[in-house]
Structure formats: C-alpha cells, structure tokens
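Student: I'd like to ask some things about the structure below.
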Amino acid sequence: MKVDRLEIAYDPRTVLDAAREAEADGCDGFWLAETRHDPFVALGRVAGQVERVELGTAIAVAFARNPMSTAVQANDLQLLSGGRFNLGLGSQVEPHVTKRFGMPWSHPAARMREFVLALRAIWHSWATGERLRFRGEFYTHTLMTPFFDPGPNPHGTPKVWLAGVGELMTEVAGEVADGFLCHNFTTERYLREVTLPALARGRAKAGKPLDGLEISGPPLVACDEEAVVEVRRQIAFYGSTPAYRKVLDLHGWGELHEELHRLSRRRLWDDMAAAVTDEVLDAFAVVGTPAEAKAEVTRRYGDVITRIAAPVVRTG
C-alpha cells in the first residue's frame, strides 16, 4: 500500500517545503486539494523540484473547467514532473458549481464520463497527430491546429483519478478512470457494500477486472483530542450535504443528516459538531496514536485500497 500526503489547507508560497518534507519522510505521493488555492498552480511550483514523490490533485473541480483547459494543465504537469503527475478530478456539488464557479450543472455522472473521454481524445490527438474529433452531449472538441498542439508527451499521459460517493459517479470511475479516490465521507461498510460493487459494474462495462483499478483510501485520522473536535466538524459538514445523505442512510442515520442540514442553514457550526456522536465518529474516522491508526486503517481497508492519502488532523 502506497502512503501519500494530502494537503487541504496549504499555502502556495510554502508548498514546495511541504512537498520536500513529504519526500524526505518517505511518502509515495504528494497531493493537493482545490480549496482556497489552485492545485495546478501550486504543483507547478513543486514539479521538477522533487525527485521521487508522485504529484496529484485530490481533487480538482472538473466542472469549474473544460476538458481542453484541463488537458493542457495536466499535460504540462506531466511534462514538468517527469511523468509523475496524477490528475484527480471530482464534480463538487451543484451549489458550488453553479453559485461559486458560475458554471452549468446537469447529469453529473454522464457529464464526468464525457469529460474524461474528451480528455483522452485530446491527449490522443496530441500523441498521434490524428485529427481531433470529439463530439458529445456536453462537450465538443473538433479544432486543433499546430500552433496550439504541444505534441506527444515523452512521459505519456497522466493517470486519471475520479472521486465519487454516489453509485452512478462511482460506476463511471470504474469504467473510464485509472484510479478511484474514496471520499473522506465513506465508512468501511459503505465502501464494501456500495462503492466496490459500483466500481466492479463500471469495470465490467469496460471489459476490465476490478483488481486492475487503483483505489485511494478514505479514512479521516485524528491523533489527539483537539484533532477529534476538528474531525467531528468535518464529518458534520459533509453530513449536512444532501448529496452525501446516502452514506448516513445506509447506517440508519438519516435523521442526523436532517438535523445537520437544519443547523448548517442557521450557521450553527459548533452545534453541528456536537451532533456527531462517538458511534458516528468511529464509523468515519480512525482515532488513536499514529501506530494505532496505522493498525486500524490496515484492519479496515488493507485488503481493498492500494494507497492511502488520509488528511491527518493533528494539532499537537
């Protein structure tokens, strides 16, 4: 199992130091989320400055972009990193796409499938010189002139990873992606009973076995009491989102979603965290010393995931 470092609240001015630290610590990968900063810009500062560690976005918001702009950014980072870039994409949820990014939203699973297929068509055109002919329901790419064609990437194309929670998006990941990024709002039961069967269905559509798909594991990890408070806040935030209710429903905790959603609309953040019981905390997170956390993560997920990029919350 590969062990990655995932940075969520990073500073692009100091991200190179964090990447070098991750490499020195023996991490296999260094991934950045798209939260307050653009992960492509920050990884551009890192690429070429570290020697071994893989780089990735976990995640970049696909629907805030288009396939062509994303293909260019990913191709450049693959070039700068010497072939060590992983393009991790996610859909985000409708309010953020439409209200924060001002972009269209419809049929997210079908749109994501087409987004990835368009990416691959663009990269194929650059690699082979063949005419670009991608026409889909959501995206059309039929123009590529020599002035804008970077040509073949000597390191090949980046691996594409998709994040998902719902069955439709997860099935798409199994069909068209190289890897799957489990959302942090995933329990062991949800992973085994919902996620893995959906991935298998997607792989079957592509005529591929499930064991050929890389899976990056889901757990939140807290190593002290103050960190537990922060993890409760994160679970409460995800649990208040209607798109993620299905995870709570599987455990019979649908009423918790309703309570969290109501509190979030009133912006009662502390009350939301307090609503996350120890039982819910244990289902979503691993709590303990680093050694205890490692053992528990291995027990829960060691036979399933190929790499782990747990955002470890530690205040001490």
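Following the order of the structure tokens, first chain is A, next is B, and so on, with residues numbered from 1 inside each chain and ligands from 1 in the order they appear.
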What residues in range 142-304 of chain A get the DSSP label helix (DSSP H, G or I)? Please answer as an MDAnalysis selection string.
Tutor: chainID A and resid 146:148 167:176 188:205 210:212 225:239 242:250 254:265 269:274 278:284 290:301
Student: Within range 85-312 of chain A, find each residue whose DSSP state, derived from the backbone, is strand (DSSP E), and express the selection as a ChimeraX atom specification.
Tutor: /A:85-90,134-135,140-141,159-164,179-182,214-217,220-222,285-287,307-308,312
Student: Write out as a list in words each polymer residue whose atoms come within 7 Å of range 197-203 of chain A, counting only C-alpha atoms; drop sequence neighbours fewer than 3 positions from it.
Tutor: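 Returned residues: Glu167, Thr170, Glu171, Val172, Ala173, Gly174, Glu175, Glu193, Val194, Ala206, Gly207, Lys208, Pro209 and Leu210 of chain A.
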Student: Have a look at A:Val221, A:Ser216, A:Ser81, A:Phe134 and name the one nearest to Gly288 in chain A; count only C-alpha atoms.
Tutor: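 Looking only at the distances to Gly288 in chain A, the closest residue turns out to be A:Val221.
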Student: Within 10 Å of Thr98 in chain A, counting only C-alpha atoms, which residues qualify if same-chain residues fewer than 6 places away don't, as JSON, numbers by chain?
Tutor: {"A": [63, 64, 104, 105]}
Student: With only C-alpha atoms as the atoms that count, which of A:Asp38, A:Asp271, A:Glu258, A:Glu23 lies nearest to Tyr10 in chain A?
Tutor: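 Ranked by minimum distance to Tyr10 in chain A, first place goes to A:Asp38.
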Student: Quick one: residues within 9 Å of Phe237 in chain A, only C-alpha atoms counted, chain neighbours fewer than 5 positions away excluded, as a list in words?
Tutor: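 What passes the distance filter is Arg232, Leu260, His261, Ser264, Trp269, Met272 and Ala273 of chain A.
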Student: Pull C-alpha atoms from the residues just selected and write them as a PDB file, in the first residue's frame.
Tutor:
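Result file follows (out.pdb):
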ATOM      1  CA  ARG A 232     -16.214  15.949  14.169  1.00  0.00           C
ATOM      2  CA  LEU A 260     -27.095  18.772  10.451  1.00  0.00           C
ATOM      3  CA  HIS A 261     -28.665  20.333   7.362  1.00  0.00           C
ATOM      4  CA  SER A 264     -25.991  24.426   8.737  1.00  0.00           C
ATOM      5  CA  TRP A 269     -21.257  25.150  13.281  1.00  0.00           C
ATOM      6  CA  MET A 272     -23.283  20.583  14.206  1.00  0.00           C
ATOM      7  CA  ALA A 273     -20.030  19.121  15.528  1.00  0.00           C
TER       8      ALA A 273
END
Student: Can you list, as an MDAnalysis selection string, every protein, DNA or RNA residue that comes within 12 Å of Ala22 in chain A when you count only C-alpha atoms, leaving out same-chain residues fewer than 2 positions away?
Tutor: chainID A and resid 3:7 15:20 24:31 46 50:55 309
Student: Extract, using only C-alpha atoms, all DNA, RNA and protein residues at most 10 Å from Gly179 in chain A, discarding same-chain residues fewer than 3 positions from it, and format them as a compact mmCIF listing (two decimals) with N, CA, C and O atoms, in the first residue's frame.
Tutor:
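Saved file out_19.txt follows:
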# COMPACT_ATOMS: atom_id res chain seq x y z
N ASN A 86 -0.59 12.78 -11.36
CA ASN A 86 -1.89 12.11 -11.33
C ASN A 86 -2.99 13.16 -11.33
O ASN A 86 -3.03 14.02 -10.44
N LEU A 87 -3.88 13.09 -12.31
CA LEU A 87 -4.97 14.05 -12.40
C LEU A 87 -6.19 13.51 -11.66
O LEU A 87 -6.88 12.62 -12.14
N GLY A 88 -6.42 14.05 -10.47
CA GLY A 88 -7.58 13.65 -9.69
C GLY A 88 -8.70 14.66 -9.84
O GLY A 88 -8.50 15.85 -9.58
N LYS A 159 -2.19 9.63 -15.33
CA LYS A 159 -3.30 8.79 -14.85
C LYS A 159 -4.45 9.69 -14.44
O LYS A 159 -4.24 10.76 -13.86
N VAL A 160 -5.66 9.24 -14.73
CA VAL A 160 -6.85 9.98 -14.36
C VAL A 160 -7.54 9.27 -13.20
O VAL A 160 -7.85 8.08 -13.29
N TRP A 161 -7.76 10.01 -12.13
CA TRP A 161 -8.46 9.50 -10.96
C TRP A 161 -9.78 10.26 -10.82
O TRP A 161 -9.83 11.47 -11.06
N LEU A 162 -10.83 9.56 -10.45
CA LEU A 162 -12.11 10.20 -10.19
C LEU A 162 -12.53 9.96 -8.75
O LEU A 162 -12.33 8.86 -8.21
N ALA A 163 -13.12 10.99 -8.15
CA ALA A 163 -13.69 10.87 -6.82
C ALA A 163 -15.20 10.69 -6.94
O ALA A 163 -15.82 11.20 -7.88
N ALA A 173 -16.39 6.05 -12.66
CA ALA A 173 -14.97 5.95 -12.33
C ALA A 173 -14.43 4.58 -12.68
O ALA A 173 -13.33 4.45 -13.25
N GLY A 174 -15.19 3.55 -12.36
CA GLY A 174 -14.74 2.21 -12.70
C GLY A 174 -14.59 2.00 -14.19
O GLY A 174 -13.71 1.27 -14.65
N VAL A 176 -14.08 4.52 -16.73
CA VAL A 176 -13.20 5.37 -17.56
C VAL A 176 -11.93 5.84 -16.86
O VAL A 176 -11.05 6.40 -17.52
N CYS A 182 -11.59 7.58 -2.93
CA CYS A 182 -12.70 7.48 -1.98
C CYS A 182 -12.87 8.81 -1.25
O CYS A 182 -11.89 9.40 -0.79
N GLY A 212 -7.64 -4.37 -11.37
CA GLY A 212 -6.74 -3.52 -12.13
C GLY A 212 -6.90 -2.06 -11.83
O GLY A 212 -6.16 -1.21 -12.37
N LEU A 213 -7.87 -1.70 -10.97
CA LEU A 213 -8.15 -0.31 -10.64
C LEU A 213 -7.46 0.06 -9.33
O LEU A 213 -7.58 -0.63 -8.33
N GLU A 214 -6.75 1.18 -9.33
CA GLU A 214 -6.15 1.68 -8.10
C GLU A 214 -7.23 2.36 -7.26
O GLU A 214 -8.10 3.06 -7.80
N ILE A 215 -7.16 2.18 -5.96
CA ILE A 215 -8.14 2.79 -5.06
C ILE A 215 -7.39 3.48 -3.92
O ILE A 215 -6.59 2.85 -3.22
N SER A 216 -7.65 4.76 -3.77
CA SER A 216 -7.05 5.52 -2.67
C SER A 216 -8.05 5.60 -1.53
O SER A 216 -9.20 5.98 -1.72
N THR A 306 -5.20 0.48 -2.50
CA THR A 306 -3.83 0.34 -2.97
C THR A 306 -2.94 1.48 -2.49
O THR A 306 -1.72 1.38 -2.52
Student: Determine the nearest neighbour of Pro150 in chain A from the options A:His124, A:Arg233, A:Arg65, A:His107, counting only C-alpha atoms.
Tutor: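 Using only C-alpha atoms, the shortest distance to Pro150 in chain A belongs to A:His124.
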Student: With distances taken over only C-alpha atoms, which residue among A:Tyr244, A:Val304, A:Val228, A:Thr14 lies nearest Ala274 in chain A?
Tutor: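 Residue with the minimum atom-to-atom distance to Ala274 in chain A: A:Val228.
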Student: Rank A:Thr157, A:Thr70, A:Gln78, A:Arg84 by their smallest atom-to-atom distance to Ala118 in chain A, using only C-alpha atoms, and report the top residue only.
Tutor: A:Thr70
Student: Which distance in Å separates CA of Ala293 in chain A and CA of Gly217 in chain A, to one decimal?
Tutor: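 The value is 13.4 Å.
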Student: Choose the residue, out of A:Ala204, A:Gly90, A:His96, A:Val41, that has the smallest atom-to-atom separation from Gln73 in chain A; count only C-alpha atoms.
Tutor: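 Looking only at the distances to Gln73 in chain A, the closest residue turns out to be A:Val41.
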Student: State, in Å with one decimal place, the distance from CA of Leu263 in chain A to CA of Glu279 in chain A.
Tutor: 19.9 Å
